[in-house]
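Have a look at run-v8.cif below; it lists mmCIF, C-alpha atoms.
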data_run
loop_
_atom_site.group_PDB
_atom_site.id
_atom_site.type_symbol
_atom_site.label_atom_id
_atom_site.label_comp_id
_atom_site.auth_asym_id
_atom_site.auth_seq_id
_atom_site.Cartn_x
_atom_site.Cartn_y
_atom_site.Cartn_z
ATOM 1 C CA MET A 172 111.655 14.395 -118.711
ATOM 2 C CA SER A 173 113.951 15.858 -116.063
ATOM 3 C CA LYS A 174 115.768 13.633 -113.621
ATOM 4 C CA THR A 175 113.802 14.952 -110.622
ATOM 5 C CA GLN A 176 110.476 14.000 -112.259
ATOM 6 C CA GLU A 177 111.593 10.576 -113.508
ATOM 7 C CA GLN A 178 109.791 7.644 -111.866
ATOM 8 C CA LEU A 179 111.754 4.537 -110.843
ATOM 9 C CA ASP A 180 110.004 1.271 -110.021
ATOM 10 C CA ILE A 181 111.737 -0.427 -107.089
ATOM 11 C CA LYS A 182 111.081 -3.637 -105.214
ATOM 12 C CA PHE A 183 112.842 -4.529 -102.001
ATOM 13 C CA ARG A 184 114.128 -8.082 -101.533
ATOM 14 C CA LEU A 185 114.269 -9.256 -97.909
ATOM 15 C CA THR A 186 116.829 -11.752 -96.618
ATOM 16 C CA ASP A 187 114.305 -14.621 -96.687
ATOM 17 C CA GLY A 188 113.705 -14.057 -100.424
ATOM 18 C CA SER A 189 110.300 -12.373 -100.112
ATOM 19 C CA ASP A 190 109.681 -8.980 -101.690
ATOM 20 C CA ILE A 191 108.113 -5.653 -100.757
ATOM 21 C CA GLY A 192 106.741 -3.772 -103.760
ATOM 22 C CA PRO A 193 107.314 -2.849 -106.500
ATOM 23 C CA LYS A 194 106.561 0.783 -105.829
ATOM 24 C CA SER A 195 107.317 3.951 -107.820
ATOM 25 C CA PHE A 196 109.648 6.627 -106.481
ATOM 26 C CA THR A 197 111.036 9.783 -108.076
ATOM 27 C CA ALA A 198 114.770 10.163 -108.667
ATOM 28 C CA ALA A 199 114.732 12.966 -106.057
ATOM 29 C CA THR A 200 113.583 10.565 -103.303
ATOM 30 C CA SER A 201 116.117 10.232 -100.485
ATOM 31 C CA VAL A 202 117.422 6.888 -99.271
ATOM 32 C CA THR A 203 115.984 7.740 -95.842
ATOM 33 C CA THR A 204 112.518 7.966 -97.425
ATOM 34 C CA LEU A 205 113.071 4.538 -99.039
ATOM 35 C CA LYS A 206 113.957 3.081 -95.644
ATOM 36 C CA GLU A 207 110.850 4.631 -94.082
ATOM 37 C CA ALA A 208 108.755 3.028 -96.852
ATOM 38 C CA VAL A 209 110.351 -0.368 -96.135
ATOM 39 C CA ILE A 210 109.607 -0.040 -92.407
ATOM 40 C CA ALA A 211 105.989 0.985 -93.107
ATOM 41 C CA GLN A 212 105.434 -1.949 -95.487
ATOM 42 C CA TRP A 213 107.366 -4.544 -93.464
ATOM 43 C CA PRO A 214 105.302 -7.777 -93.226
ATOM 44 C CA LYS A 215 103.747 -7.943 -89.748
ATOM 45 C CA GLU A 216 104.150 -11.742 -89.545
ATOM 46 C CA LYS A 217 107.960 -11.528 -89.818
ATOM 47 C CA ASP A 218 109.994 -11.477 -86.625
ATOM 48 C CA ASN A 219 112.819 -9.021 -85.981
ATOM 49 C CA GLY A 220 111.451 -6.223 -88.137
ATOM 50 C CA PRO A 221 113.291 -2.911 -88.217
ATOM 51 C CA ARG A 222 112.223 -0.260 -85.718
ATOM 52 C CA THR A 223 114.128 2.748 -87.030
ATOM 53 C CA VAL A 224 115.833 3.888 -90.218
ATOM 54 C CA LYS A 225 119.199 3.137 -88.597
ATOM 55 C CA ASP A 226 118.254 -0.570 -88.398
ATOM 56 C CA VAL A 227 117.870 -0.835 -92.196
ATOM 57 C CA LYS A 228 120.593 -1.152 -94.828
ATOM 58 C CA ILE A 229 119.604 -0.942 -98.502
ATOM 59 C CA ILE A 230 121.976 -2.448 -101.047
ATOM 60 C CA SER A 231 121.809 -1.613 -104.744
ATOM 61 C CA ALA A 232 124.280 -2.868 -107.358
ATOM 62 C CA GLY A 233 126.557 -4.116 -104.561
ATOM 63 C CA ARG A 234 126.702 -0.776 -102.729
ATOM 64 C CA ILE A 235 125.175 0.173 -99.384
ATOM 65 C CA LEU A 236 123.181 3.338 -99.994
ATOM 66 C CA GLU A 237 123.826 6.337 -97.752
ATOM 67 C CA ASN A 238 120.864 8.024 -96.028
ATOM 68 C CA ASN A 239 121.661 11.550 -97.208
ATOM 69 C CA ARG A 240 121.772 10.678 -100.927
ATOM 70 C CA THR A 241 118.952 10.582 -103.463
ATOM 71 C CA LEU A 242 117.948 7.772 -105.797
ATOM 72 C CA GLY A 243 119.208 9.799 -108.737
ATOM 73 C CA GLU A 244 122.673 9.993 -107.169
ATOM 74 C CA CYS A 245 122.732 6.274 -106.312
ATOM 75 C CA ARG A 246 121.279 4.800 -109.479
ATOM 76 C CA SER A 247 123.118 2.170 -111.437
ATOM 77 C CA PRO A 248 123.152 1.847 -115.245
ATOM 78 C CA MET A 249 120.603 -0.982 -114.906
ATOM 79 C CA CYS A 250 117.970 1.581 -113.838
ATOM 80 C CA ASP A 251 118.049 3.096 -117.326
ATOM 81 C CA ILE A 252 116.158 0.191 -118.927
ATOM 82 C CA PRO A 253 112.670 1.555 -119.681
ATOM 83 C CA GLY A 254 109.848 -0.268 -117.911
ATOM 84 C CA SER A 255 112.179 -2.307 -115.715
ATOM 85 C CA VAL A 256 111.856 -2.852 -111.974
ATOM 86 C CA THR A 257 115.023 -2.376 -109.928
ATOM 87 C CA THR A 258 115.563 -4.828 -107.067
ATOM 88 C CA MET A 259 117.262 -3.477 -103.953
ATOM 89 C CA HIS A 260 118.249 -5.781 -101.129
ATOM 90 C CA VAL A 261 117.242 -4.987 -97.556
ATOM 91 C CA VAL A 262 119.282 -6.072 -94.547
ATOM 92 C CA VAL A 263 118.084 -5.461 -91.002
ATOM 93 C CA GLN A 264 120.867 -4.812 -88.541
ATOM 94 C CA ALA A 265 119.935 -5.488 -84.933
ATOM 95 C CA PRO A 266 120.373 -2.394 -82.780
ATOM 96 C CA LEU A 267 123.548 -2.401 -80.737
ATOM 97 C CA LEU A 268 123.262 -2.584 -76.973
ATOM 98 C CA GLU A 269 123.865 0.580 -75.024
ATOM 99 C CA LYS A 270 127.031 0.794 -72.916
ATOM 100 C CA GLY A 271 126.532 -0.859 -69.569
ATOM 101 C CA GLU A 272 123.584 -2.863 -70.863
ATOM 102 C CA LYS A 273 124.143 -6.617 -70.896
ATOM 103 C CA LYS A 274 122.415 -9.165 -73.045
ATOM 104 C CA ALA A 275 120.428 -11.615 -70.946
ATOM 105 C CA SER A 276 121.091 -15.233 -71.812
ATOM 106 C CA ASN A 277 119.187 -18.303 -70.724
ATOM 107 C CA ASP A 278 121.543 -20.632 -72.578
ATOM 108 C CA PRO A 279 123.663 -22.464 -69.970
ATOM 109 C CA LYS A 280 126.430 -23.010 -72.528
ATOM 110 C CA GLN A 281 126.989 -19.272 -72.857
ATOM 111 C CA ASN A 282 127.219 -18.768 -69.077
ATOM 112 C CA ARG A 283 130.015 -21.248 -68.662
ATOM 113 C CA CYS A 284 133.695 -20.425 -68.335
ATOM 114 C CA LEU A 285 136.314 -22.896 -69.538
ATOM 115 C CA CYS A 286 140.020 -22.969 -68.921
ATOM 116 C CA VAL A 287 142.437 -25.216 -70.739
ATOM 117 C CA ILE A 288 145.957 -25.726 -69.397
ATOM 118 C CA LEU A 289 148.412 -27.310 -71.786
#
Take the structure in this file and express it as structure tokens.
Amino acid sequence: MSKTQEQLDIKFRLTDGSDIGPKSFTAATSVTTLKEAVIAQWPKEKDNGPRTVKDVKIISAGRILENNRTLGECRSPMCDIPGSVTTMHVVVQAPLLEKGEKKASNDPKQNRCLCVIL
């Protein structure tokens, strides 16, 4: 079987310990496609879900996977075990605020200025 036709079973572990999948992908699948699958299958009851591919980081074998690479290029030796399911960790990074945009805060402790003179 060629590498482009090989099927890999992957499940995505979220930060709260719950999983999405497992689901089969070919080795030719891009990391961007994986991220789109995570966004599409994100549990609706969870707060702070990712909105775009840029909000999602996928970690496999301790490495953050780059969007422009394929699964075949990113695979670890653990993927070679026949019939196994590979677990990839998903981290959602909150989008950064645009320049000039300020974060609104209702917490009075954050709106306080303190000076200490020694």
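Our summary of the geometry notes that CA of Leu205 in chain A is positioned 19.7 Å from CA of Gly254 in chain A.
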task: Write out as a PyMOL selection string the residues lying within 6 Å of Ile229 in chain A, counting only C-alpha atoms and excluding same-chain residues fewer than 4 positions away.
output: chain A and resi 235-236+260-261
Dump C-alpha atoms for the selected residues as a PDB file, in the frame of the given file?
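Output file out-v8.pdb follows:
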ATOM      1  CA  ILE A 235     125.175   0.173 -99.384  1.00  0.00           C
ATOM      2  CA  LEU A 236     123.181   3.338 -99.994  1.00  0.00           C
ATOM      3  CA  HIS A 260     118.249  -5.781-101.129  1.00  0.00           C
ATOM      4  CA  VAL A 261     117.242  -4.987 -97.556  1.00  0.00           C
TER       5      VAL A 261
END
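Every protein, DNA or RNA residue with an atom at most 10 Å from Asp190 in chain A, where all atoms listed in the file count and chain neighbours fewer than 2 positions away do not, is listed here: Lys182, Phe183, Arg184, Leu185, Thr186, Asp187, Gly188, Gly192, Pro193, Trp213, Pro214, Thr258, Met259, His260 and Val261 of chain A.
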- request: Just the residues within 10 Å of Glu244 in chain A, please, counting all atoms listed in the file, with nothing from its chain fewer than 2 positions along; format it as a list in words.
  value: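 Once the adjacent positions are removed, what remains is Ala198, Ala199, Thr200, Ser201, Val202, Leu236, Arg240, Thr241, Leu242, Arg246 and Ser247 of chain A.
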To test your reading of the syntax: which residues would the PyMOL selection byres ((chain A and resi 211) around 12) return for the file shown? Reply as a PDB file with C-alpha atoms, keeping the file's coordinate frame.
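After the write, expr.pdb holds the following:
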ATOM      1  CA  ILE A 191     108.113  -5.653-100.757  1.00  0.00           C
ATOM      2  CA  GLY A 192     106.741  -3.772-103.760  1.00  0.00           C
ATOM      3  CA  THR A 204     112.518   7.966 -97.425  1.00  0.00           C
ATOM      4  CA  LEU A 205     113.071   4.538 -99.039  1.00  0.00           C
ATOM      5  CA  LYS A 206     113.957   3.081 -95.644  1.00  0.00           C
ATOM      6  CA  GLU A 207     110.850   4.631 -94.082  1.00  0.00           C
ATOM      7  CA  ALA A 208     108.755   3.028 -96.852  1.00  0.00           C
ATOM      8  CA  VAL A 209     110.351  -0.368 -96.135  1.00  0.00           C
ATOM      9  CA  ILE A 210     109.607  -0.040 -92.407  1.00  0.00           C
ATOM     10  CA  GLN A 212     105.434  -1.949 -95.487  1.00  0.00           C
ATOM     11  CA  TRP A 213     107.366  -4.544 -93.464  1.00  0.00           C
ATOM     12  CA  PRO A 214     105.302  -7.777 -93.226  1.00  0.00           C
ATOM     13  CA  LYS A 215     103.747  -7.943 -89.748  1.00  0.00           C
ATOM     14  CA  GLY A 220     111.451  -6.223 -88.137  1.00  0.00           C
ATOM     15  CA  PRO A 221     113.291  -2.911 -88.217  1.00  0.00           C
ATOM     16  CA  ARG A 222     112.223  -0.260 -85.718  1.00  0.00           C
ATOM     17  CA  THR A 223     114.128   2.748 -87.030  1.00  0.00           C
ATOM     18  CA  VAL A 224     115.833   3.888 -90.218  1.00  0.00           C
TER      19      VAL A 224
END
- line: From the list A:Asn219, A:Thr203, A:Asn239, A:Ser189, the nearest residue to Ala265 in chain A using only C-alpha atoms is A:Asn219
- line: Using only C-alpha atoms, the residue out of A:Ser231, A:Phe196, A:Asp226, A:Glu177 with shortest distance to Val263 in chain A is A:Asp226
- line: From CA of Lys217 in chain A to CA of Asp180 in chain A the spacing works out at 24.0 Å
query: Which of these, A:Cys245, A:Ser255, A:Lys225, A:Ile230, has the shortest distance to Leu179 in chain A once you count all atoms listed in the file?
result: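 Once distances to Leu179 in chain A are computed over all atoms listed in the file, the minimum belongs to A:Ser255.
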task: Quote the spacing between CA of Thr257 in chain A and CA of Gln178 in chain A in Å to one decimal place.
output: 11.5 Å
